[in-house]
Amino acid sequence: MSELDTRKKAILHALVLEYVEAAEPVGSSLLVQKYSLGVKSATVRNELSELLDLGYLEQPHTSAGRIPSDLGYRVYVDELSSATTPSSAAKSSVRRLTQDGTALETLLRGTTQLLAVMTRQLGVAMITRNANVTLRTAILSALGPKQAVFVLVMSNGHVENRMIDPPVAIDIHDIGVVNEQLNKELVGKTLVALSRMRPATAGDSPASQLFAHLTQATKSISKDLTRGQVIVEGEEFVVGQPEFSRDRSTGATHLENLFDKTALSEVLQSSATDSIRVTIGKENRAERLWPFSYIRGSVKIGEEEVGVIGIAGPTRMRYDEGLAVVDYTASTLSAALTQFLGQR
């Protein structure tokens, strides 16, 4: 911000780093001791007072030091260098995760686990609800006269495998007839259309009865997929953080709100023109989400967003580390999915 000169920004930056690390209000003497600010404690004290008056800092208690406000965090985040990158170990972990082609949901679940471990925050992901997603492949494979596996592959890379108990005994001929019908009547349609379709009416032949059974299954699966799916991992990394453990009653409420998948879905779906989006504290629309910050990144196949990954936690988080990891992971995951699934 224009009202902050270089010295104020440097002091604010140092205070954010210290508070994120120690989770305790920060005083001027500590900043002078630990950071090369080039000024005396009295000068830092005056600058902290001005930053407090300007709304970049808060003072929990009259005699205590200062902590960053949401606005202070925002200035810090906006000043972060876009050249920040994850560690070599983090990059290797992400590359290992994406080196083999696999289903979108499997990749996103593995990604949330990895993000949680790397950042010590809540790892989150969501398969994007997109009206343009279509059914790319539908194949039924017999495992026996009364058992089969039904595989649906979507244009966004999502794969559904369902065990099917056919309503009648089937043979190879029936499987061939049904697969031809699936390819002719269902493949290429959007999930929205499939979720609203009228299931086929069963006739007398085994193939007809089986096809009717599969259209009902496809409709049910499509309904589930159009609702979107939120994946959450790493709860163990946030429950012990001071924001949630100091006051058990308030902390329990905060954790319940943080883990709420409906709220996470709304945050992850929030419109973003940039590939990376950070929302801090009161920047979140819902008041119950004000204690938290979210870092999200878009996962794409080509130019189409197929999912969102990110981290969530208290506003006191390592934004530099989180941004670097989420950015790198999203871009690496997008490149892998585009390579595996870009040719439709």
# chains A, B, ... in the order shown; residues from 1 in each chain; ligands from 1
>>> residues_around(residues="Val267 (chain A)", least_positions_apart="6", cutoff="10 Å", atoms="only C-alpha atoms", output="PyMOL selection string")
chain A and resi 261+279+284-286+289+294-296
>>> residues_around(residues="region 64-69 of chain A", least_positions_apart="3", cutoff="7 Å", atoms="only C-alpha atoms", output="list in words")
Val16, Tyr19, Pro25, Val26, Gly27, Gly55, Tyr56, Leu57, Glu58, Gln59, Pro60, His61, Gly72 and Tyr73 of chain A
>>> atom_distance(atom1="CA of Val326 (chain A)", atom2="CA of Ile309 (chain A)")
7.3 Å
>>> atom_distance(atom1="CA of Val133 (chain A)", atom2="CA of Ser331 (chain A)")
20.7 Å
>>> select_by_dssp(residues="region 99-250 of chain A", states="helix (DSSP H, G or I)", output="VMD selection string")
chain A and resid 104 to 119 172 to 185 191 to 196 206 to 226 235 to 238 242 to 245 248 to 250
>>> closest_atom_pairs(of="region 146-201 of chain A", to="region 103-120 of chain A", cutoff="6 Å", atoms="only C-alpha atoms", output="Markdown table")
| residue | atom | partner | partner_atom | distance |
| --- | --- | --- | --- | --- |
| A:Gly157 | CA | A:Leu104 | CA | 5.3 |
| A:His158 | CA | A:Leu104 | CA | 4.7 |
| A:Val159 | CA | A:Ala103 | CA | 5.5 |
>>> write_last_selection(atoms="C-alpha atoms", output="CSV table (one decimal), in the first residue's frame")
chain,number,residue,atom,x,y,z
A,157,GLY,CA,-10.3,-37.5,-16.1
A,158,HIS,CA,-12.6,-38.7,-13.3
A,159,VAL,CA,-13.1,-42.5,-13.2
>>> atom_distance(atom1="CA of Val238 (chain A)", atom2="CA of Gly313 (chain A)")
6.9 Å
>>> residues_around(residues="Ile280 (chain A)", least_positions_apart="5", cutoff="9 Å", atoms="only C-alpha atoms", output="MDAnalysis selection string")
chainID A and resid 70:71 73:74 290:295 315
>>> residues_around(residues="Arg288 (chain A)", least_positions_apart="4", cutoff="12 Å", atoms="only C-alpha atoms", output="list in words")
Thr250, Thr253, His254, Leu255, Glu256, Asn257, Leu258, Phe259, Asp260, Ala263, Leu264, Gly281, Lys282, Glu283, Asn284, Phe292 and Ser293 of chain A
>>> closest_residue(among="A:Thr128, A:Gln209, A:Thr218, A:Asn179", to="Arg162 (chain A)", atoms="only C-alpha atoms")
A:Thr218
>>> closest_atom_pairs(of="region 20-133 of chain A", to="region 227-236 of chain A", cutoff="6 Å", atoms="only C-alpha atoms", output="tab-separated table")
residue	atom	partner	partner_atom	distance
A:Thr112	CA	A:Glu233	CA	5.8
A:Gln113	CA	A:Glu233	CA	5.4
A:Ala116	CA	A:Gly234	CA	5.1
A:Leu122	CA	A:Gly234	CA	5.0
A:Gly123	CA	A:Glu233	CA	5.1
A:Val124	CA	A:Val232	CA	4.7
A:Ala125	CA	A:Ile231	CA	5.1
A:Met126	CA	A:Val230	CA	4.4
A:Ile127	CA	A:Gln229	CA	5.5
A:Arg129	CA	A:Gly228	CA	5.1
>>> select_by_dssp(residues="region 115-310 of chain A", states="strand (DSSP E or B)", output="PyMOL selection string")
chain A and resi 122-127+134-144+147-154+159-164+190+229-233+276-280+292-301+304-310
>>> write_last_selection(atoms="C-alpha atoms", output="compact mmCIF listing (two decimals), in the first residue's frame")
# COMPACT_ATOMS: atom_id res chain seq x y z
CA LEU A 122 -5.44 -28.86 6.28
CA GLY A 123 -5.06 -30.20 2.74
CA VAL A 124 -8.22 -29.70 0.67
CA ALA A 125 -9.34 -30.47 -2.86
CA MET A 126 -12.50 -30.49 -4.90
CA ILE A 127 -13.50 -31.96 -8.24
CA THR A 134 -19.09 -35.32 -20.57
CA LEU A 135 -19.03 -39.10 -20.41
CA ARG A 136 -15.96 -40.13 -22.37
CA THR A 137 -16.07 -43.91 -22.00
CA ALA A 138 -18.57 -46.45 -20.64
CA ILE A 139 -17.54 -50.10 -20.57
CA LEU A 140 -19.06 -53.16 -18.93
CA SER A 141 -16.82 -56.17 -18.33
CA ALA A 142 -18.19 -59.51 -17.18
CA LEU A 143 -16.65 -61.21 -14.17
CA GLY A 144 -19.12 -64.09 -14.31
CA GLN A 147 -21.33 -60.22 -11.77
CA ALA A 148 -19.70 -57.44 -13.80
CA VAL A 149 -17.70 -54.25 -13.40
CA PHE A 150 -19.01 -51.00 -14.87
CA VAL A 151 -16.39 -48.35 -15.68
CA LEU A 152 -17.24 -44.73 -16.50
CA VAL A 153 -14.52 -42.29 -17.57
CA MET A 154 -15.34 -38.56 -17.68
CA VAL A 159 -13.11 -42.48 -13.22
CA GLU A 160 -15.93 -44.39 -11.57
CA ASN A 161 -15.72 -48.16 -11.08
CA ARG A 162 -18.85 -49.94 -9.87
CA MET A 163 -19.49 -53.60 -9.23
CA ILE A 164 -22.77 -54.57 -10.89
CA THR A 190 -22.90 -34.18 -20.28
CA GLN A 229 -16.82 -33.68 -4.17
CA VAL A 230 -14.67 -32.19 -1.42
CA ILE A 231 -11.63 -34.09 -0.16
CA VAL A 232 -10.05 -33.19 3.19
CA GLU A 233 -6.86 -34.58 4.74
CA ILE A 276 -3.87 -18.89 -7.29
CA ARG A 277 -6.25 -17.31 -4.80
CA VAL A 278 -5.66 -16.42 -1.16
CA THR A 279 -8.45 -15.36 1.17
CA ILE A 280 -7.50 -14.10 4.62
CA PHE A 292 -9.19 -18.89 8.77
CA SER A 293 -7.17 -18.38 5.63
CA TYR A 294 -7.34 -20.39 2.42
CA ILE A 295 -4.85 -20.81 -0.40
CA ARG A 296 -6.24 -22.40 -3.54
CA GLY A 297 -4.89 -23.39 -6.93
CA SER A 298 -6.71 -24.48 -10.08
CA VAL A 299 -6.06 -27.89 -11.60
CA LYS A 300 -6.65 -27.88 -15.34
CA ILE A 301 -6.68 -30.10 -18.39
CA GLU A 304 -10.48 -26.29 -18.56
CA GLU A 305 -10.56 -26.29 -14.75
CA VAL A 306 -11.29 -29.81 -13.52
CA GLY A 307 -10.45 -29.41 -9.86
CA VAL A 308 -9.18 -27.17 -7.10
CA ILE A 309 -6.48 -27.94 -4.54
CA GLY A 310 -5.28 -25.95 -1.58
>>> closest_residue(among="A:Val32, A:Ile221, A:Leu186, A:Val325", to="Ala89 (chain A)", atoms="only C-alpha atoms")
A:Val325
>>> residues_around(residues="Ala212 (chain A)", least_positions_apart="5", cutoff="8 Å", atoms="only C-alpha atoms", output="PDB file with C-alpha atoms, in the first residue's frame")
ATOM      1  CA  PRO A 199     -33.628 -44.624 -17.508  1.00  0.00           C
ATOM      2  CA  ALA A 200     -34.269 -47.110 -20.309  1.00  0.00           C
ATOM      3  CA  THR A 201     -37.243 -49.424 -20.010  1.00  0.00           C
ATOM      4  CA  ALA A 202     -36.318 -53.069 -19.570  1.00  0.00           C
TER       5      ALA A 202
END
>>> decode(residues="region 125-195 of chain A", atoms="C-alpha atoms", output="compact mmCIF listing (two decimals), in the first residue's frame")
# COMPACT_ATOMS: atom_id res chain seq x y z
CA ALA A 125 -9.34 -30.47 -2.86
CA MET A 126 -12.50 -30.49 -4.90
CA ILE A 127 -13.50 -31.96 -8.24
CA THR A 128 -14.99 -28.98 -10.03
CA ARG A 129 -18.67 -29.05 -10.85
CA ASN A 130 -18.69 -28.28 -14.56
CA ALA A 131 -21.78 -28.46 -16.74
CA ASN A 132 -19.56 -29.21 -19.75
CA VAL A 133 -18.02 -32.41 -18.37
CA THR A 134 -19.09 -35.32 -20.57
CA LEU A 135 -19.03 -39.10 -20.41
CA ARG A 136 -15.96 -40.13 -22.37
CA THR A 137 -16.07 -43.91 -22.00
CA ALA A 138 -18.57 -46.45 -20.64
CA ILE A 139 -17.54 -50.10 -20.57
CA LEU A 140 -19.06 -53.16 -18.93
CA SER A 141 -16.82 -56.17 -18.33
CA ALA A 142 -18.19 -59.51 -17.18
CA LEU A 143 -16.65 -61.21 -14.17
CA GLY A 144 -19.12 -64.09 -14.31
CA PRO A 145 -22.74 -64.86 -15.26
CA LYS A 146 -24.06 -62.78 -12.36
CA GLN A 147 -21.33 -60.22 -11.77
CA ALA A 148 -19.70 -57.44 -13.80
CA VAL A 149 -17.70 -54.25 -13.40
CA PHE A 150 -19.01 -51.00 -14.87
CA VAL A 151 -16.39 -48.35 -15.68
CA LEU A 152 -17.24 -44.73 -16.50
CA VAL A 153 -14.52 -42.29 -17.57
CA MET A 154 -15.34 -38.56 -17.68
CA SER A 155 -13.82 -35.93 -19.94
CA ASN A 156 -12.17 -34.31 -16.90
CA GLY A 157 -10.31 -37.52 -16.08
CA HIS A 158 -12.56 -38.71 -13.27
CA VAL A 159 -13.11 -42.48 -13.22
CA GLU A 160 -15.93 -44.39 -11.57
CA ASN A 161 -15.72 -48.16 -11.08
CA ARG A 162 -18.85 -49.94 -9.87
CA MET A 163 -19.49 -53.60 -9.23
CA ILE A 164 -22.77 -54.57 -10.89
CA ASP A 165 -25.04 -57.49 -10.06
CA PRO A 166 -26.94 -57.98 -13.34
CA PRO A 167 -30.68 -58.57 -12.95
CA VAL A 168 -30.36 -61.70 -15.12
CA ALA A 169 -27.59 -64.10 -16.11
CA ILE A 170 -25.49 -62.65 -18.92
CA ASP A 171 -22.97 -63.91 -21.48
CA ILE A 172 -20.36 -62.41 -23.80
CA HIS A 173 -22.96 -61.66 -26.46
CA ASP A 174 -25.05 -59.65 -23.99
CA ILE A 175 -21.97 -57.68 -22.92
CA GLY A 176 -21.20 -56.79 -26.54
CA VAL A 177 -24.75 -55.63 -27.23
CA VAL A 178 -24.86 -53.52 -24.07
CA ASN A 179 -21.48 -51.88 -24.67
CA GLU A 180 -22.59 -50.93 -28.17
CA GLN A 181 -25.75 -49.35 -26.73
CA LEU A 182 -23.79 -47.50 -24.06
CA ASN A 183 -21.44 -46.05 -26.66
CA LYS A 184 -24.31 -45.07 -28.92
CA GLU A 185 -26.76 -43.61 -26.40
CA LEU A 186 -24.76 -42.38 -23.39
CA VAL A 187 -21.16 -41.58 -24.37
CA GLY A 188 -20.68 -37.92 -25.26
CA LYS A 189 -23.54 -36.62 -23.12
CA THR A 190 -22.90 -34.18 -20.28
CA LEU A 191 -23.15 -35.29 -16.67
CA VAL A 192 -26.01 -32.85 -16.21
CA ALA A 193 -27.94 -34.48 -19.06
CA LEU A 194 -27.19 -37.97 -17.75
CA SER A 195 -28.30 -37.01 -14.24
